[in-house]
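my_file04.txt, holding compact mmCIF, C-alpha atoms:
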```
# COMPACT_ATOMS: atom_id res chain seq x y z
CA MET A 23 -36.76 40.39 -40.63
CA SER A 24 -39.51 38.11 -41.91
CA LYS A 25 -39.07 34.37 -41.64
CA VAL A 26 -37.47 32.56 -44.56
CA SER A 27 -37.95 28.81 -44.58
CA LYS A 28 -35.22 26.67 -46.15
CA VAL A 29 -35.96 23.10 -47.13
CA LYS A 30 -33.50 20.60 -48.55
CA PHE A 31 -34.50 19.13 -51.90
CA ASN A 32 -34.32 15.34 -51.98
CA ASN A 33 -35.76 14.43 -55.40
CA ASP A 34 -39.37 15.27 -54.39
CA LEU A 35 -39.79 18.75 -55.86
CA LYS A 36 -43.48 19.19 -55.11
CA GLY A 37 -42.93 17.90 -51.59
CA ALA A 38 -40.02 20.27 -50.93
CA ILE A 39 -41.98 23.28 -52.18
CA SER A 40 -45.01 22.30 -50.11
CA LYS A 41 -42.87 21.85 -46.99
CA ALA A 42 -41.11 25.20 -47.47
CA VAL A 43 -44.42 27.03 -47.79
CA SER A 44 -46.01 25.05 -44.96
CA GLU A 45 -43.28 26.34 -42.63
CA ILE A 46 -44.56 29.90 -43.14
CA GLY A 47 -48.26 29.08 -43.02
CA GLY A 48 -49.04 26.87 -46.02
CA PHE A 49 -50.52 27.66 -49.42
CA GLY A 50 -53.96 28.12 -47.84
CA LYS A 51 -52.63 31.20 -46.06
CA PHE A 52 -51.75 32.87 -49.36
CA VAL A 53 -54.34 31.54 -51.83
CA LYS A 54 -58.09 31.50 -51.18
CA GLU A 55 -60.80 29.69 -53.06
CA GLY A 56 -62.08 31.64 -56.07
CA GLU A 57 -59.10 34.01 -56.31
CA THR A 58 -57.07 34.83 -59.41
CA VAL A 59 -53.42 34.05 -58.73
CA PHE A 60 -50.51 35.41 -60.76
CA LEU A 61 -47.21 33.52 -60.90
CA LYS A 62 -44.13 35.51 -61.93
CA PRO A 63 -41.26 33.23 -63.04
CA ASN A 64 -37.96 34.20 -64.68
CA PHE A 65 -38.08 33.76 -68.46
CA ASN A 66 -35.55 36.41 -69.44
CA THR A 67 -34.11 33.80 -71.82
CA ALA A 68 -34.67 30.13 -72.59
CA ASP A 69 -31.27 29.20 -71.17
CA PRO A 70 -31.47 26.23 -68.77
CA PHE A 71 -32.04 26.61 -65.03
CA PRO A 72 -30.70 28.49 -63.07
CA ALA A 73 -30.56 31.01 -65.93
CA SER A 74 -34.34 30.72 -66.18
CA THR A 75 -37.11 29.11 -64.15
CA ASP A 76 -37.14 25.33 -64.32
CA PRO A 77 -40.43 24.34 -66.01
CA GLU A 78 -40.78 21.40 -63.61
CA PHE A 79 -40.49 23.75 -60.65
CA LEU A 80 -43.17 25.99 -62.14
CA LYS A 81 -45.39 22.97 -62.83
CA ALA A 82 -45.07 21.81 -59.22
CA VAL A 83 -46.03 25.26 -57.91
CA VAL A 84 -49.04 25.39 -60.24
CA LYS A 85 -50.26 22.02 -58.95
CA LEU A 86 -49.95 23.17 -55.35
CA VAL A 87 -51.77 26.44 -56.04
CA LEU A 88 -54.59 24.57 -57.83
CA GLN A 89 -55.15 22.50 -54.68
CA GLU A 90 -56.50 25.69 -53.07
CA ASN A 91 -59.22 25.90 -55.77
CA PRO A 92 -58.46 29.33 -57.26
CA LYS A 93 -60.63 30.76 -60.02
CA LYS A 94 -57.62 31.18 -62.29
CA VAL A 95 -53.84 30.79 -62.35
CA ILE A 96 -52.00 33.17 -64.67
CA ILE A 97 -48.32 32.72 -65.55
CA GLY A 98 -46.68 35.75 -67.14
CA ASP A 99 -43.35 37.31 -67.99
CA SER A 100 -41.44 39.13 -70.71
CA CYS A 101 -37.95 38.28 -71.89
CA THR A 102 -34.89 40.32 -72.73
CA MET A 103 -35.29 42.87 -75.53
CA SER A 104 -33.19 40.82 -77.95
CA GLU A 105 -35.61 37.87 -77.88
CA ASN A 106 -39.32 37.12 -78.25
CA THR A 107 -41.19 36.06 -75.12
CA ARG A 108 -43.55 33.65 -76.87
CA GLN A 109 -40.59 31.94 -78.52
CA VAL A 110 -38.75 31.73 -75.19
CA MET A 111 -41.81 30.21 -73.52
CA ASN A 112 -42.29 27.81 -76.42
CA LYS A 113 -38.70 26.59 -76.17
CA LEU A 114 -39.24 25.88 -72.47
CA GLY A 115 -42.61 24.20 -73.05
CA ILE A 116 -44.49 26.62 -70.81
CA PHE A 117 -47.68 26.69 -72.89
CA GLU A 118 -48.01 22.95 -72.26
CA LEU A 119 -49.04 23.85 -68.70
CA GLU A 120 -52.34 25.19 -70.06
CA LYS A 121 -53.30 21.60 -70.90
CA MET A 122 -53.16 20.62 -67.23
CA ASP A 123 -56.25 22.59 -66.24
CA GLN A 124 -58.64 24.99 -67.98
CA ARG A 125 -58.00 27.57 -65.24
CA ILE A 126 -54.35 28.02 -66.30
CA GLU A 127 -53.38 30.83 -68.70
CA VAL A 128 -49.88 31.69 -69.91
CA ILE A 129 -49.34 35.33 -70.89
CA PRO A 130 -46.36 36.82 -72.75
CA PHE A 131 -46.51 40.40 -71.47
CA ASP A 132 -45.41 41.90 -74.78
CA GLU A 133 -48.65 40.68 -76.40
CA HIS A 134 -50.87 42.41 -73.84
CA GLU A 135 -51.75 45.89 -72.63
CA TRP A 136 -49.34 48.02 -70.61
CA LEU A 137 -50.30 50.49 -67.91
CA LYS A 138 -48.28 53.62 -67.09
CA LYS A 139 -47.48 53.95 -63.40
CA GLU A 140 -45.92 56.72 -61.36
CA ILE A 141 -43.44 55.68 -58.67
CA PRO A 142 -44.11 58.16 -55.83
CA LYS A 143 -41.13 57.06 -53.75
CA GLY A 144 -38.84 56.73 -56.75
CA LYS A 145 -35.42 58.35 -56.53
CA TYR A 146 -33.78 56.67 -59.51
CA LEU A 147 -36.95 55.55 -61.33
CA LYS A 148 -39.94 57.88 -61.45
CA LYS A 149 -42.36 56.10 -63.77
CA VAL A 150 -42.73 52.80 -65.54
CA SER A 151 -45.12 50.83 -67.73
CA ILE A 152 -46.21 47.49 -66.30
CA PRO A 153 -48.70 44.85 -67.50
CA LYS A 154 -52.30 45.87 -66.89
CA ILE A 155 -53.09 42.31 -65.85
CA LEU A 156 -51.17 42.80 -62.60
CA ASP A 157 -53.90 45.21 -61.44
CA GLN A 158 -56.55 42.57 -62.12
CA VAL A 159 -55.33 39.69 -59.96
CA ASP A 160 -55.92 38.87 -56.31
CA LYS A 161 -52.58 37.35 -55.40
CA LEU A 162 -49.02 37.59 -56.71
CA ILE A 163 -46.45 34.85 -56.16
CA LEU A 164 -42.82 35.42 -57.17
CA LEU A 165 -40.69 32.49 -58.33
CA PRO A 166 -37.08 33.73 -58.46
CA CYS A 167 -33.93 31.81 -59.27
CA VAL A 168 -30.67 32.53 -57.41
CA LYS A 169 -27.77 33.89 -59.41
CA THR A 170 -25.14 36.53 -59.79
CA HIS A 171 -25.57 39.22 -62.45
CA PHE A 172 -22.74 40.95 -64.27
CA ILE A 173 -24.49 44.34 -64.05
CA ALA A 174 -26.84 44.17 -61.04
CA LYS A 175 -24.47 41.86 -59.09
CA PHE A 176 -27.35 39.68 -57.86
CA THR A 177 -30.66 38.39 -59.16
CA GLY A 178 -33.33 37.23 -56.73
CA SER A 179 -36.85 38.31 -55.90
CA LEU A 180 -36.21 42.09 -56.14
CA LYS A 181 -34.50 41.86 -59.54
CA LEU A 182 -37.27 39.54 -60.78
CA GLN A 183 -39.54 42.59 -61.09
CA VAL A 184 -37.53 43.89 -64.05
CA GLY A 185 -39.50 41.35 -66.06
CA ILE A 186 -42.68 43.36 -65.49
CA MET A 187 -41.16 46.47 -67.08
CA LYS A 188 -42.01 47.28 -70.67
CA PRO A 189 -38.97 45.94 -72.57
CA SER A 190 -38.25 49.25 -74.32
CA GLN A 191 -37.74 50.88 -70.90
CA ARG A 192 -35.17 48.37 -69.67
CA MET A 193 -32.27 49.78 -71.63
CA PHE A 194 -32.48 52.95 -69.54
CA LEU A 195 -32.72 50.84 -66.39
CA HIS A 196 -29.31 49.28 -67.03
CA PHE A 197 -27.42 52.51 -67.84
CA ILE A 198 -26.80 53.78 -64.30
CA ASN A 199 -28.00 53.16 -60.73
CA VAL A 200 -29.54 49.87 -61.81
CA GLN A 201 -29.78 48.51 -58.27
CA GLY A 202 -31.46 51.68 -57.00
CA LYS A 203 -33.96 51.49 -59.86
CA ILE A 204 -34.69 47.86 -59.03
CA ALA A 205 -35.58 48.86 -55.48
CA ASP A 206 -37.70 51.82 -56.63
CA LEU A 207 -39.62 49.56 -59.01
CA ASN A 208 -40.44 47.21 -56.16
CA THR A 209 -42.37 49.92 -54.31
CA ILE A 210 -45.31 49.55 -56.72
CA VAL A 211 -45.36 45.74 -56.66
CA HIS A 212 -46.77 43.88 -53.67
CA PRO A 213 -46.23 40.10 -53.80
CA ASP A 214 -47.94 37.87 -51.29
CA LEU A 215 -45.45 35.00 -51.39
CA ILE A 216 -41.94 34.30 -52.66
CA ILE A 217 -40.76 30.78 -53.47
CA MET A 218 -37.09 30.74 -54.43
CA ASP A 219 -35.65 27.81 -56.34
CA ALA A 220 -32.13 27.46 -54.97
CA ARG A 221 -31.49 23.89 -56.05
CA LYS A 222 -28.88 25.38 -58.38
CA CYS A 223 -27.33 28.85 -58.55
CA PHE A 224 -24.74 30.86 -60.46
CA VAL A 225 -21.93 32.10 -58.23
CA THR A 226 -20.09 33.97 -61.02
CA ARG A 227 -21.10 35.99 -64.08
CA GLY A 228 -24.84 35.66 -64.77
CA PRO A 229 -27.64 36.09 -65.55
CA SER A 230 -27.56 33.61 -68.48
CA GLU A 231 -24.38 31.68 -67.70
CA GLY A 232 -21.86 31.24 -64.95
CA LEU A 233 -20.27 28.78 -62.56
CA VAL A 234 -23.08 26.52 -61.31
CA LYS A 235 -23.29 25.26 -57.74
CA GLU A 236 -26.02 23.07 -56.23
CA PRO A 237 -27.25 24.17 -52.78
CA ASN A 238 -30.33 21.92 -53.28
CA LEU A 239 -32.59 24.28 -51.34
CA ILE A 240 -36.13 25.63 -51.71
CA LEU A 241 -36.84 28.88 -49.87
CA ALA A 242 -40.19 30.48 -49.02
CA SER A 243 -41.05 33.80 -47.41
CA GLU A 244 -43.41 36.76 -47.44
CA SER A 245 -40.43 39.11 -47.73
CA ARG A 246 -38.43 39.94 -50.84
CA VAL A 247 -35.66 41.55 -48.80
CA SER A 248 -35.30 38.66 -46.36
CA THR A 249 -35.37 36.12 -49.20
CA ASP A 250 -32.71 37.97 -51.17
CA ILE A 251 -30.45 38.29 -48.14
CA GLU A 252 -30.61 34.52 -47.75
CA GLY A 253 -30.01 34.11 -51.49
CA VAL A 254 -26.84 36.20 -51.32
CA LYS A 255 -25.66 34.18 -48.32
CA ILE A 256 -26.17 30.97 -50.28
CA ILE A 257 -24.00 32.27 -53.13
CA GLN A 258 -21.39 33.53 -50.68
CA SER A 259 -21.15 30.08 -49.07
CA TYR A 260 -19.08 29.06 -52.11
CA PRO A 261 -15.48 30.38 -52.15
CA GLU A 262 -15.57 30.96 -55.92
CA ASN A 263 -18.36 33.54 -55.62
CA CYS A 264 -18.00 37.11 -56.89
CA LEU A 265 -20.12 38.90 -54.25
CA ASN A 266 -17.60 40.53 -51.94
CA ILE A 267 -20.13 42.54 -49.92
CA LYS A 268 -22.34 42.07 -46.88
CA PRO A 269 -25.80 41.03 -48.08
CA GLU A 270 -27.48 43.94 -46.29
CA GLU A 271 -25.09 46.36 -48.02
CA LEU A 272 -25.87 45.19 -51.55
CA PRO A 273 -27.31 48.41 -53.03
CA GLN A 274 -30.63 46.92 -54.21
CA ILE A 275 -31.23 45.37 -50.79
CA LYS A 276 -30.03 48.42 -48.85
CA ARG A 277 -32.24 50.75 -50.91
CA ALA A 278 -35.22 48.40 -50.57
CA LYS A 279 -34.84 48.42 -46.79
CA GLU A 280 -34.68 52.23 -46.82
CA LEU A 281 -37.95 52.27 -48.77
CA GLY A 282 -39.61 49.93 -46.28
CA ILE A 283 -40.10 47.20 -48.86
CA LYS A 284 -41.21 43.97 -47.31
```
Would you write the structure of this file as structure tokens?
Amino acid sequence: MSKVSKVKFNNDLKGAISKAVSEIGGFGKFVKEGETVFLKPNFNTADPFPASTDPEFLKAVVKLVLQENPKKVIIGDSCTMSENTRQVMNKLGIFELEKMDQRIEVIPFDEHEWLKKEIPKGKYLKKVSIPKILDQVDKLILLPCVKTHFIAKFTGSLKLQVGIMKPSQRMFLHFINVQGKIADLNTIVHPDLIIMDARKCFVTRGPSEGLVKEPNLILASESRVSTDIEGVKIIQSYPENCLNIKPEELPQIKRAKELGIK
């Protein structure tokens, strides 16, 4: 398994993120000067963290990425079908980040072009439409929250990819074999870095509400599977949690390992 760094948060968010990433090589290992970097947060809804990405966490990551002098930093996502992504982002103040630096661009996926993709290794999901912009960037950084999910059981870095699916296709995703489809989807996405905000987490219900606990941790890794295993362990450290399964046996993680997903 790939290394997952875990750093305690002590009121210095930027410092904790920097330390977590430094323990696996530092931002300079993942972002080179002149590159276009894509940040994938969780803006399924505008509900407060940990239901969605904390804007201050995102802002801190953006500042750290900009220190590596990239050509551009793109932030993109699409929300649940029942809401409007631009409105969700507006409620959270995400477009304000564009004022920090002219290299920053915020993209609601539903306002941009989609690209049809086959999933060669797909067992439960054979094809999908994803944002064309993802084929035009140099680096992809995932910024998952940690929470339980009433359908998928757990939301971490693997489940975060559902946000890149065309919203009209997500209804089918949730009908049956949702965890297997999540793993299949991840075979066509290749993130370079995962930074998981585990300062707070849901240990019941989810993804928009649940019992909140505060592990006060920031995790960093090159591996979605390793990060999610640690995320499940964090949730399971609280006796009230609803995940009565070994992390490696959670279907989305087990299937991802079978597919050789990093």
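Using all atoms listed in the file, the smallest distance between any of A:Glu78, A:Leu147, A:His212, A:Ser24 and Val247 (chain A) comes from A:Ser24.
Compared by their closest atoms to Leu61 (chain A), and using all atoms listed in the file, the residues A:Asn32, A:Gln183, A:Asn106, A:Gln124 rank with A:Gln183 nearest.
Look at Val159 (chain A): the protein and nucleic acid residues within 7 Å of it, using only C-alpha atoms and passing over chain neighbours fewer than 3 places away, are Thr58, Val59, Phe60, Ile155 and Leu156 of chain A.
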Suppose you want the space between CA of Asp69 (chain A) and CA of Met111 (chain A); what is it in Å?
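Atom-to-atom, CA of Asp69 (chain A) to CA of Met111 (chain A), that is 10.8 Å.
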Using all atoms listed in the file, the best pick from A:Val168, A:Ala38, A:Ile186, A:Leu88 as closest to Phe131 (chain A) would be A:Ile186
When distances are computed from only C-alpha atoms, which of A:His171, A:Lys143, A:Lys154, A:Lys25 shows the smallest separation from Gly282 (chain A)?
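Result for the nearest residue to Gly282 (chain A): A:Lys143.
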Report as JSON lines the residues of region 235-282 of chain A within 12 Å of region 163-167 of chain A, each with its shortest atom pair and distance in Å (one decimal), using all atoms listed in the file, ordered by chain and increasing residue number.
```
{"residue": "A:Leu239", "atom": "CA", "partner": "A:Cys167", "partner_atom": "CA", "distance": 11.0}
{"residue": "A:Ile240", "atom": "CA", "partner": "A:Cys167", "partner_atom": "CA", "distance": 10.0}
{"residue": "A:Leu241", "atom": "CA", "partner": "A:Pro166", "partner_atom": "CA", "distance": 9.9}
{"residue": "A:Ala242", "atom": "CA", "partner": "A:Leu165", "partner_atom": "CA", "distance": 9.5}
{"residue": "A:Ser243", "atom": "CA", "partner": "A:Leu164", "partner_atom": "CA", "distance": 10.1}
{"residue": "A:Glu244", "atom": "CA", "partner": "A:Ile163", "partner_atom": "CA", "distance": 9.4}
{"residue": "A:Ser245", "atom": "CA", "partner": "A:Leu164", "partner_atom": "CA", "distance": 10.4}
{"residue": "A:Arg246", "atom": "CA", "partner": "A:Leu164", "partner_atom": "CA", "distance": 8.9}
{"residue": "A:Thr249", "atom": "CA", "partner": "A:Pro166", "partner_atom": "CA", "distance": 9.7}
{"residue": "A:Asp250", "atom": "CA", "partner": "A:Pro166", "partner_atom": "CA", "distance": 9.5}
{"residue": "A:Gly253", "atom": "CA", "partner": "A:Cys167", "partner_atom": "CA", "distance": 9.0}
{"residue": "A:Val254", "atom": "CA", "partner": "A:Cys167", "partner_atom": "CA", "distance": 11.5}
{"residue": "A:Ile256", "atom": "CA", "partner": "A:Cys167", "partner_atom": "CA", "distance": 11.9}
{"residue": "A:Ile257", "atom": "CA", "partner": "A:Cys167", "partner_atom": "CA", "distance": 11.7}
```
Polymer residues at most 10 Å from Ser104 (chain A), all atoms listed in the file, same-chain spacing of 5 or more positions, as a list of chain:residue names
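Contacts, with the query itself left out: A:Asn66, A:Thr67, A:Pro189.
Note that CA of Ile275 (chain A) and CA of Lys149 (chain A) are 20.2 Å apart.
Of note, CA of Ala220 (chain A) and CA of Met193 (chain A) are spaced 27.9 Å apart.
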Edge lengths and centre in Å to one decimal, as AutoDock Vina command-line options, of the axis-aligned box that encloses all listed atoms of region 265-276 of chain A with 4 Å added on every side?
```
--center_x -24.4 --center_y 43.7 --center_z -50.3 --size_x 21.6 --size_y 17.5 --size_z 16.0
```
Measuring between all atoms listed in the file, which one of A:Tyr260, A:Leu207, A:Phe172, A:Ile97 shows the shortest distance to Ile141 (chain A)?
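The closest residue to Ile141 (chain A) is A:Leu207.
Shortest atom-to-atom contact with Lys51 (chain A) among A:Ile39, A:Leu215, A:Ile210, A:Leu233: A:Leu215, counting only C-alpha atoms.
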What's around region 33-35 of chain A at 10 Å? Count only C-alpha atoms, leave out sequence neighbours fewer than 3 positions away in its own chain, and write the answer as a PyMOL selection string.
chain A and resi 30+38-41+78-79+81-83+219+221+238+240
